[in-house]
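Novice: Enclosed is the structure file start_25.txt (compact mmCIF, C-alpha atoms and all ligand atoms).
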```txt
# COMPACT_ATOMS: atom_id res chain seq x y z
CA MET A 20 12.33 -10.54 5.95
CA ASN A 21 12.24 -6.84 4.97
CA LEU A 22 9.79 -6.40 2.13
CA ILE A 23 8.56 -3.68 -0.17
CA PHE A 24 5.16 -3.97 -1.84
CA LEU A 25 5.14 -2.11 -5.16
CA GLY A 26 2.25 -1.77 -7.58
CA PRO A 27 -0.38 0.64 -8.87
CA PRO A 28 -3.21 1.92 -6.68
CA GLY A 29 -5.73 -0.85 -6.10
CA ALA A 30 -3.43 -3.73 -7.08
CA GLY A 31 -3.98 -5.27 -3.63
CA LYS A 32 -0.88 -4.10 -1.74
CA GLY A 33 -2.78 -3.36 1.45
CA THR A 34 -4.97 -6.46 1.22
CA HIS A 35 -2.05 -8.87 0.80
CA ALA A 36 0.26 -6.99 3.19
CA GLN A 37 -2.31 -7.42 5.97
CA ARG A 38 -2.56 -11.15 5.37
CA LEU A 39 1.20 -11.47 5.29
CA MET A 40 1.52 -9.44 8.49
CA ASN A 41 -0.81 -11.89 10.26
CA GLU A 42 0.96 -14.92 8.83
CA LEU A 43 4.57 -13.82 9.40
CA GLY A 44 4.04 -11.72 12.55
CA ILE A 45 5.84 -8.70 11.11
CA PRO A 46 4.26 -5.22 10.83
CA GLN A 47 2.65 -3.77 7.73
CA ILE A 48 3.90 -0.20 7.42
CA SER A 49 1.54 1.68 5.14
CA THR A 50 2.45 5.31 4.55
CA GLY A 51 -1.07 5.83 3.17
CA ASP A 52 -2.64 4.54 6.43
CA MET A 53 -0.25 6.63 8.54
CA LEU A 54 -1.09 9.78 6.59
CA ARG A 55 -4.85 9.09 6.74
CA GLN A 56 -4.65 8.57 10.52
CA ALA A 57 -2.82 11.90 10.83
CA MET A 58 -5.54 13.53 8.70
CA LYS A 59 -8.26 12.05 10.90
CA ALA A 60 -6.51 13.32 14.04
CA GLU A 61 -5.94 16.71 12.36
CA THR A 62 -2.26 16.79 13.33
CA PRO A 63 0.05 19.27 11.52
CA LEU A 64 1.25 16.35 9.35
CA GLY A 65 -2.32 15.36 8.50
CA LEU A 66 -3.37 18.91 7.70
CA SER A 67 -0.40 19.42 5.36
CA ALA A 68 -0.86 16.00 3.66
CA LYS A 69 -4.62 16.39 3.09
CA LYS A 70 -4.50 18.52 -0.06
CA PHE A 71 -2.03 16.16 -1.76
CA ILE A 72 -3.90 12.97 -0.87
CA GLU A 73 -7.34 14.23 -1.82
CA ALA A 74 -6.00 15.39 -5.21
CA GLY A 75 -4.29 12.03 -5.83
CA GLU A 76 -0.84 13.65 -5.75
CA LEU A 77 2.17 12.41 -3.79
CA VAL A 78 3.02 13.96 -0.43
CA PRO A 79 6.51 15.57 -0.61
CA ASP A 80 9.40 13.10 -0.34
CA GLU A 81 11.02 14.68 2.72
CA VAL A 82 7.80 14.29 4.73
CA VAL A 83 7.27 10.57 4.06
CA ILE A 84 10.97 9.68 4.26
CA GLY A 85 11.09 11.14 7.78
CA ILE A 86 7.99 9.22 8.88
CA VAL A 87 9.31 5.89 7.61
CA GLU A 88 12.81 6.36 8.99
CA GLU A 89 11.34 7.01 12.44
CA ARG A 90 8.87 4.09 12.21
CA LEU A 91 11.56 1.55 11.29
CA LYS A 92 13.36 2.29 14.58
CA ALA A 93 10.49 0.72 16.56
CA ASP A 94 11.01 -2.62 18.33
CA ASP A 95 8.37 -4.43 16.28
CA CYS A 96 10.48 -3.96 13.12
CA LYS A 97 13.44 -5.92 14.47
CA ASN A 98 12.35 -9.21 12.84
CA GLY A 99 11.21 -7.70 9.57
CA TYR A 100 8.50 -5.50 8.07
CA ILE A 101 6.36 -4.94 5.01
CA LEU A 102 6.59 -1.50 3.45
CA ASP A 103 3.24 -0.88 1.73
CA GLY A 104 3.22 2.21 -0.50
CA PHE A 105 6.79 3.28 0.26
CA PRO A 106 9.03 4.03 -1.56
CA ARG A 107 7.05 5.72 -4.32
CA THR A 108 9.75 7.75 -6.03
CA VAL A 109 13.37 7.03 -6.89
CA ALA A 110 14.38 9.73 -4.36
CA GLN A 111 12.48 7.81 -1.62
CA ALA A 112 14.15 4.54 -2.66
CA GLU A 113 17.60 6.15 -2.54
CA ALA A 114 16.88 7.56 0.92
CA LEU A 115 15.54 4.18 2.13
CA SER A 116 18.73 2.42 1.03
CA LYS A 117 20.66 4.60 3.49
CA PHE A 118 18.70 3.51 6.58
CA ALA A 119 17.32 0.05 5.72
CA HIS A 120 18.30 -3.23 4.13
CA ILE A 121 15.64 -4.58 1.75
CA ASP A 122 15.42 -8.30 0.92
CA VAL A 123 12.63 -8.32 -1.68
CA ALA A 124 10.60 -5.79 -3.70
CA LEU A 125 7.35 -7.49 -4.67
CA ASN A 126 5.60 -5.89 -7.61
CA LEU A 127 1.85 -6.58 -7.88
CA SER A 128 0.60 -5.92 -11.40
CA LEU A 129 -3.03 -5.44 -12.48
CA ALA A 130 -4.82 -3.93 -15.50
CA ASP A 131 -6.12 -0.33 -15.22
CA ASP A 132 -9.78 -1.18 -15.93
CA VAL A 133 -9.85 -3.64 -13.01
CA ILE A 134 -8.17 -1.08 -10.77
CA ILE A 135 -10.93 1.45 -11.38
CA GLN A 136 -13.64 -1.10 -10.63
CA ARG A 137 -11.87 -2.22 -7.44
CA LEU A 138 -11.15 1.23 -6.06
CA SER A 139 -14.57 2.66 -6.75
CA GLY A 140 -16.10 -0.21 -4.70
CA ARG A 141 -13.56 -0.16 -1.89
CA ARG A 142 -14.57 0.57 1.73
CA VAL A 143 -11.97 1.08 4.45
CA CYS A 144 -11.70 1.19 8.22
CA LEU A 145 -9.83 4.30 9.33
CA LYS A 146 -9.25 2.80 12.78
CA CYS A 147 -7.46 -0.50 12.03
CA GLY A 148 -6.73 -0.16 8.29
CA GLY A 149 -9.10 -2.99 7.26
CA THR A 150 -9.92 -3.02 3.53
CA TYR A 151 -13.08 -4.43 1.93
CA HIS A 152 -14.94 -4.40 -1.37
CA ILE A 153 -18.69 -3.78 -1.56
CA SER A 154 -19.07 -6.95 -3.64
CA THR A 155 -18.16 -9.08 -0.61
CA LEU A 156 -19.66 -6.98 2.21
CA ASN A 157 -23.28 -8.17 1.70
CA GLY A 158 -24.57 -4.82 2.91
CA ARG A 159 -22.42 -4.82 6.06
CA GLU A 160 -21.26 -1.30 7.02
CA ASP A 161 -18.86 -1.92 9.90
CA CYS A 162 -15.35 -3.36 10.12
CA ALA A 163 -15.34 -7.13 10.77
CA ASN A 164 -12.10 -6.66 12.70
CA CYS A 165 -12.82 -3.73 15.07
CA GLY A 166 -16.47 -2.73 14.51
CA GLU A 167 -15.67 0.82 13.28
CA LYS A 168 -17.98 2.23 10.60
CA LEU A 169 -16.49 1.71 7.12
CA VAL A 170 -15.99 4.71 4.84
CA GLN A 171 -15.18 5.41 1.21
CA ARG A 172 -11.83 7.16 0.73
CA LYS A 173 -12.13 10.66 -0.82
CA ASP A 174 -9.36 9.76 -3.29
CA ASP A 175 -11.41 6.78 -4.55
CA SER A 176 -13.56 9.03 -6.77
CA PRO A 177 -13.25 8.26 -10.55
CA GLU A 178 -11.38 11.51 -11.42
CA THR A 179 -8.90 11.15 -8.57
CA ILE A 180 -8.29 7.48 -9.38
CA GLN A 181 -7.32 8.53 -12.94
CA ASN A 182 -4.87 11.08 -11.55
CA ARG A 183 -3.39 8.52 -9.13
CA LEU A 184 -2.82 6.17 -12.07
CA SER A 185 -1.02 8.94 -13.99
CA VAL A 186 1.09 9.82 -10.96
CA TYR A 187 1.91 6.13 -10.51
CA ALA A 188 3.04 5.78 -14.15
CA ALA A 189 5.20 8.91 -14.03
CA GLN A 190 6.73 8.70 -10.55
CA THR A 191 6.43 5.18 -9.11
CA ALA A 192 6.62 2.74 -12.05
CA PRO A 193 10.34 3.61 -12.57
CA LEU A 194 10.97 1.76 -9.28
CA ILE A 195 10.26 -1.53 -11.07
CA GLU A 196 13.40 -1.03 -13.16
CA TYR A 197 15.26 0.36 -10.15
CA TYR A 198 14.72 -2.80 -8.06
CA GLN A 199 15.15 -5.10 -11.05
CA GLN A 200 18.65 -3.70 -11.53
CA LYS A 201 19.38 -4.41 -7.87
CA GLY A 202 18.24 -8.03 -8.33
CA LEU A 203 15.49 -7.63 -5.71
CA LEU A 204 12.36 -7.57 -7.89
CA HIS A 205 9.69 -10.30 -7.97
CA THR A 206 6.53 -9.66 -9.98
CA VAL A 207 3.13 -11.24 -9.29
CA GLU A 208 0.63 -10.93 -12.13
CA CYS A 209 -2.63 -10.64 -10.19
CA ASP A 210 -5.49 -12.49 -11.81
CA ALA A 211 -8.37 -10.03 -12.05
CA SER A 212 -11.03 -12.74 -12.02
CA ALA A 213 -9.52 -14.70 -9.13
CA SER A 214 -10.32 -14.35 -5.43
CA VAL A 215 -8.12 -12.56 -2.92
CA GLU A 216 -7.11 -15.99 -1.57
CA VAL A 217 -5.93 -17.24 -4.98
CA ASN A 218 -3.84 -14.11 -5.54
CA TYR A 219 -2.48 -14.29 -1.99
CA GLN A 220 -1.19 -17.79 -2.67
CA LYS A 221 0.71 -16.35 -5.67
CA VAL A 222 2.24 -13.76 -3.36
CA ARG A 223 3.32 -16.47 -0.90
CA LYS A 224 4.84 -18.53 -3.69
CA ALA A 225 6.80 -15.54 -5.05
CA LEU A 226 8.22 -15.01 -1.55
CA GLY A 227 9.14 -18.68 -1.17
CA ILE A 228 6.72 -19.25 1.75
CA GLU A 229 5.80 -22.94 2.01
P1 LIG A 301 -2.04 4.56 -0.41
O1 LIG A 301 -3.00 4.38 0.69
O2 LIG A 301 -0.73 3.85 -0.35
O3 LIG A 301 -2.81 4.24 -1.78
P2 LIG A 301 -2.37 3.48 -3.12
O4 LIG A 301 -0.95 3.12 -3.35
O5 LIG A 301 -2.99 4.34 -4.14
O6 LIG A 301 -2.88 2.11 -2.92
P3 LIG A 301 -4.28 1.72 -2.47
O7 LIG A 301 -4.37 1.72 -0.98
O8 LIG A 301 -5.31 2.56 -3.20
O9 LIG A 301 -4.42 0.27 -3.11
P4 LIG A 301 -3.84 -1.15 -2.67
O10 LIG A 301 -2.87 -1.62 -3.71
O11 LIG A 301 -3.37 -1.16 -1.24
O12 LIG A 301 -5.16 -2.00 -2.89
P5 LIG A 301 -6.14 -2.67 -1.82
O13 LIG A 301 -5.47 -3.81 -1.13
O14 LIG A 301 -6.78 -1.62 -0.97
O15 LIG A 301 -1.71 6.11 -0.61
C1 LIG A 301 -2.73 7.08 -0.64
C2 LIG A 301 -2.11 8.46 -0.85
O16 LIG A 301 -1.21 8.75 0.24
C3 LIG A 301 -1.26 8.62 -2.11
O17 LIG A 301 -2.04 8.93 -3.24
C4 LIG A 301 -0.35 9.78 -1.68
O18 LIG A 301 -1.01 11.01 -1.75
C5 LIG A 301 -0.07 9.46 -0.22
N1 LIG A 301 1.13 8.64 -0.02
C6 LIG A 301 1.17 7.38 0.51
N2 LIG A 301 2.42 6.90 0.50
C7 LIG A 301 3.20 7.88 -0.06
C8 LIG A 301 4.59 7.98 -0.36
N3 LIG A 301 5.43 6.97 -0.10
N4 LIG A 301 5.02 9.12 -0.95
C9 LIG A 301 4.19 10.14 -1.21
N5 LIG A 301 2.86 10.12 -0.96
C10 LIG A 301 2.37 8.99 -0.39
O19 LIG A 301 -7.23 -3.30 -2.83
C11 LIG A 301 -8.11 -2.46 -3.56
C12 LIG A 301 -9.54 -3.02 -3.57
O20 LIG A 301 -9.56 -4.24 -4.31
C13 LIG A 301 -10.09 -3.37 -2.17
O21 LIG A 301 -11.46 -3.04 -2.15
C14 LIG A 301 -9.90 -4.87 -2.06
O22 LIG A 301 -10.86 -5.47 -1.21
C15 LIG A 301 -10.11 -5.30 -3.51
N6 LIG A 301 -9.36 -6.49 -3.89
C16 LIG A 301 -8.06 -6.75 -3.69
N7 LIG A 301 -7.72 -7.96 -4.20
C17 LIG A 301 -8.86 -8.45 -4.78
C18 LIG A 301 -9.20 -9.64 -5.51
N8 LIG A 301 -8.29 -10.59 -5.77
N9 LIG A 301 -10.44 -9.80 -5.95
C19 LIG A 301 -11.38 -8.85 -5.71
N10 LIG A 301 -11.14 -7.71 -5.03
C20 LIG A 301 -9.91 -7.51 -4.57
```
Kindly transcribe the structure held in the file into structure tokens.
Specialist:
Amino acid sequence: MNLIFLGPPGAGKGTHAQRLMNELGIPQISTGDMLRQAMKAETPLGLSAKKFIEAGELVPDEVVIGIVEERLKADDCKNGYILDGFPRTVAQAEALSKFAHIDVALNLSLADDVIIQRLSGRRVCLKCGGTYHISTLNGREDCANCGEKLVQRKDDSPETIQNRLSVYAAQTAPLIEYYQQKGLLHTVECDASASVEVNYQKVRKALGIE
């Protein structure tokens, strides 16, 4: 199954994509994680992406399209993949349609006030991509998966979160209509008061996983 995870920042794309990756044995391909790893390694890609990411703006289309096209050629994508955070513009979606076949675009929806609360309490592992919330860490500061010290993303500051929400509304939300017209869209209304597990079961149901 070739999947796209759509949805505003903080809706839970990364959280649910990781669970699905473990359950289905197909890779989670997060353009955000790939760009952050490049920033950490200070590669030319990372250095050029840094100013966009830290301001909550999108990295130019031609940069991310090239990264994803290359990544999808890898052997581990042969049985399917989960695109997390790509495409993010109609131009990216058009480019993707030329080098990939997509089965489902899963749209995770969540109210803005919950998004702000979630993102401001998020802690991430820059080594393995693990994602946590301070409300469930019980003071723990390292990644339960690989032991790396958890950090707060620079773009999870309140002002940058607001800008990311505006960028999402202007540039990414049109993809909901785009995939609806193609008959590929499934929407999961995430319940803000429910646990990750409860919302994950909604994701599974929307994908027809028994
Ligand atoms: P990216 O890393 O993709 O960020 P994003 O889309 O803004 O999404 P997030 O990672 O912030 O949120 P998420 O939906 O994955 O939520 P999560 O699961 O972490 O992109 C970052 C930047 O990179 C972009 O701004 C852009 O600059 C650039 N970029 C990336 N892709 C690009 C592209 N294609 N084109 C151009 N630029 C691109 O969950 C959030 C929090 O909520 C976590 O703490 C989690 O533990 C918690 N949580 C989740 N579910 C629940 C629940 N049910 N109950 C309680 N807490 C929960």
Novice: Residues up to 7 Å from ligand LIG 301 (chain A), counting all atoms listed in the file: could you list those as a compact mmCIF listing (two decimals) with C-alpha atoms, in the frame of the given file?
Specialist:
```txt
# COMPACT_ATOMS: atom_id res chain seq x y z
CA GLY A 26 2.25 -1.77 -7.58
CA PRO A 27 -0.38 0.64 -8.87
CA PRO A 28 -3.21 1.92 -6.68
CA GLY A 29 -5.73 -0.85 -6.10
CA ALA A 30 -3.43 -3.73 -7.08
CA GLY A 31 -3.98 -5.27 -3.63
CA LYS A 32 -0.88 -4.10 -1.74
CA GLY A 33 -2.78 -3.36 1.45
CA THR A 34 -4.97 -6.46 1.22
CA HIS A 35 -2.05 -8.87 0.80
CA SER A 49 1.54 1.68 5.14
CA THR A 50 2.45 5.31 4.55
CA GLY A 51 -1.07 5.83 3.17
CA ASP A 52 -2.64 4.54 6.43
CA LEU A 54 -1.09 9.78 6.59
CA PHE A 71 -2.03 16.16 -1.76
CA ILE A 72 -3.90 12.97 -0.87
CA GLY A 75 -4.29 12.03 -5.83
CA GLU A 76 -0.84 13.65 -5.75
CA LEU A 77 2.17 12.41 -3.79
CA VAL A 78 3.02 13.96 -0.43
CA PRO A 79 6.51 15.57 -0.61
CA ASP A 80 9.40 13.10 -0.34
CA VAL A 83 7.27 10.57 4.06
CA ASP A 103 3.24 -0.88 1.73
CA GLY A 104 3.22 2.21 -0.50
CA PHE A 105 6.79 3.28 0.26
CA PRO A 106 9.03 4.03 -1.56
CA ARG A 107 7.05 5.72 -4.32
CA ARG A 137 -11.87 -2.22 -7.44
CA LEU A 138 -11.15 1.23 -6.06
CA GLY A 140 -16.10 -0.21 -4.70
CA ARG A 141 -13.56 -0.16 -1.89
CA ARG A 142 -14.57 0.57 1.73
CA THR A 150 -9.92 -3.02 3.53
CA TYR A 151 -13.08 -4.43 1.93
CA HIS A 152 -14.94 -4.40 -1.37
CA ARG A 183 -3.39 8.52 -9.13
CA ASP A 210 -5.49 -12.49 -11.81
CA ALA A 211 -8.37 -10.03 -12.05
CA SER A 212 -11.03 -12.74 -12.02
CA ALA A 213 -9.52 -14.70 -9.13
CA SER A 214 -10.32 -14.35 -5.43
CA VAL A 215 -8.12 -12.56 -2.92
CA GLU A 216 -7.11 -15.99 -1.57
CA ASN A 218 -3.84 -14.11 -5.54
```
Novice: At what distance in Å, to one decimal, does atom CA of A:Arg38 lie from atom CA of A:Arg159?
Specialist: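 Rounded to one decimal, the two atoms are 20.9 Å apart.
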Novice: Determine the nearest neighbour of A:Val109 from the options A:Leu66, A:Ala192, A:Cys147, A:Val217, counting all atoms listed in the file.
Specialist: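 Result for the nearest residue to A:Val109: A:Ala192.
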Novice: Looking at only C-alpha atoms, which of A:Lys92, A:His120, A:Lys224, A:Arg172 is the one that sits closest to A:Ala74?
Specialist: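 Nearest to A:Ala74: A:Arg172.
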Novice: Between atom CA of A:Asp122 and atom CA of A:Gly99, measure the distance and give it in Å to one decimal.
Specialist: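 That distance, rounded to one decimal, is 9.6 Å.
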Novice: Counting only C-alpha atoms, what is within 9 Å of A:Val123, bar same-chain residues fewer than 4 positions away, as a PyMOL selection string?
Specialist: chain A and resi 20-24+198+202-205+226
Novice: For A:Leu91, which residue out of A:Ile195, A:Ala60, A:Ile48, A:Ala225 is the nearest one, using all atoms listed in the file?
Specialist: A:Ile48
Novice: Could you please determine the separation between atom CA of A:Glu88 and atom CA of A:Ala110 in Å, to one decimal place?
Specialist: 13.9 Å
Novice: Using only C-alpha atoms, can you tell me which of A:Thr179, A:Gln220, A:Gln171, A:Ser139 comes closest to A:Val207?
Specialist: A:Gln220
Novice: Which residue is closest to A:Tyr187? Choose from A:Gln200, A:Ser67, A:Asn98, A:Thr108 and count only C-alpha atoms.
Specialist: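 Of all the options, A:Thr108 lies closest to A:Tyr187.
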Novice: Give me, as a list in words, all polymer residues having an atom no more than 9 Å from A:Gly65, counting all atoms listed in the file and skipping those fewer than 5 positions away in the same chain.
Specialist: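 Using all atoms listed in the file, the neighbours found are Met53, Leu54, Arg55, Gln56, Ala57, Met58, Lys59 and Ala60 of chain A.
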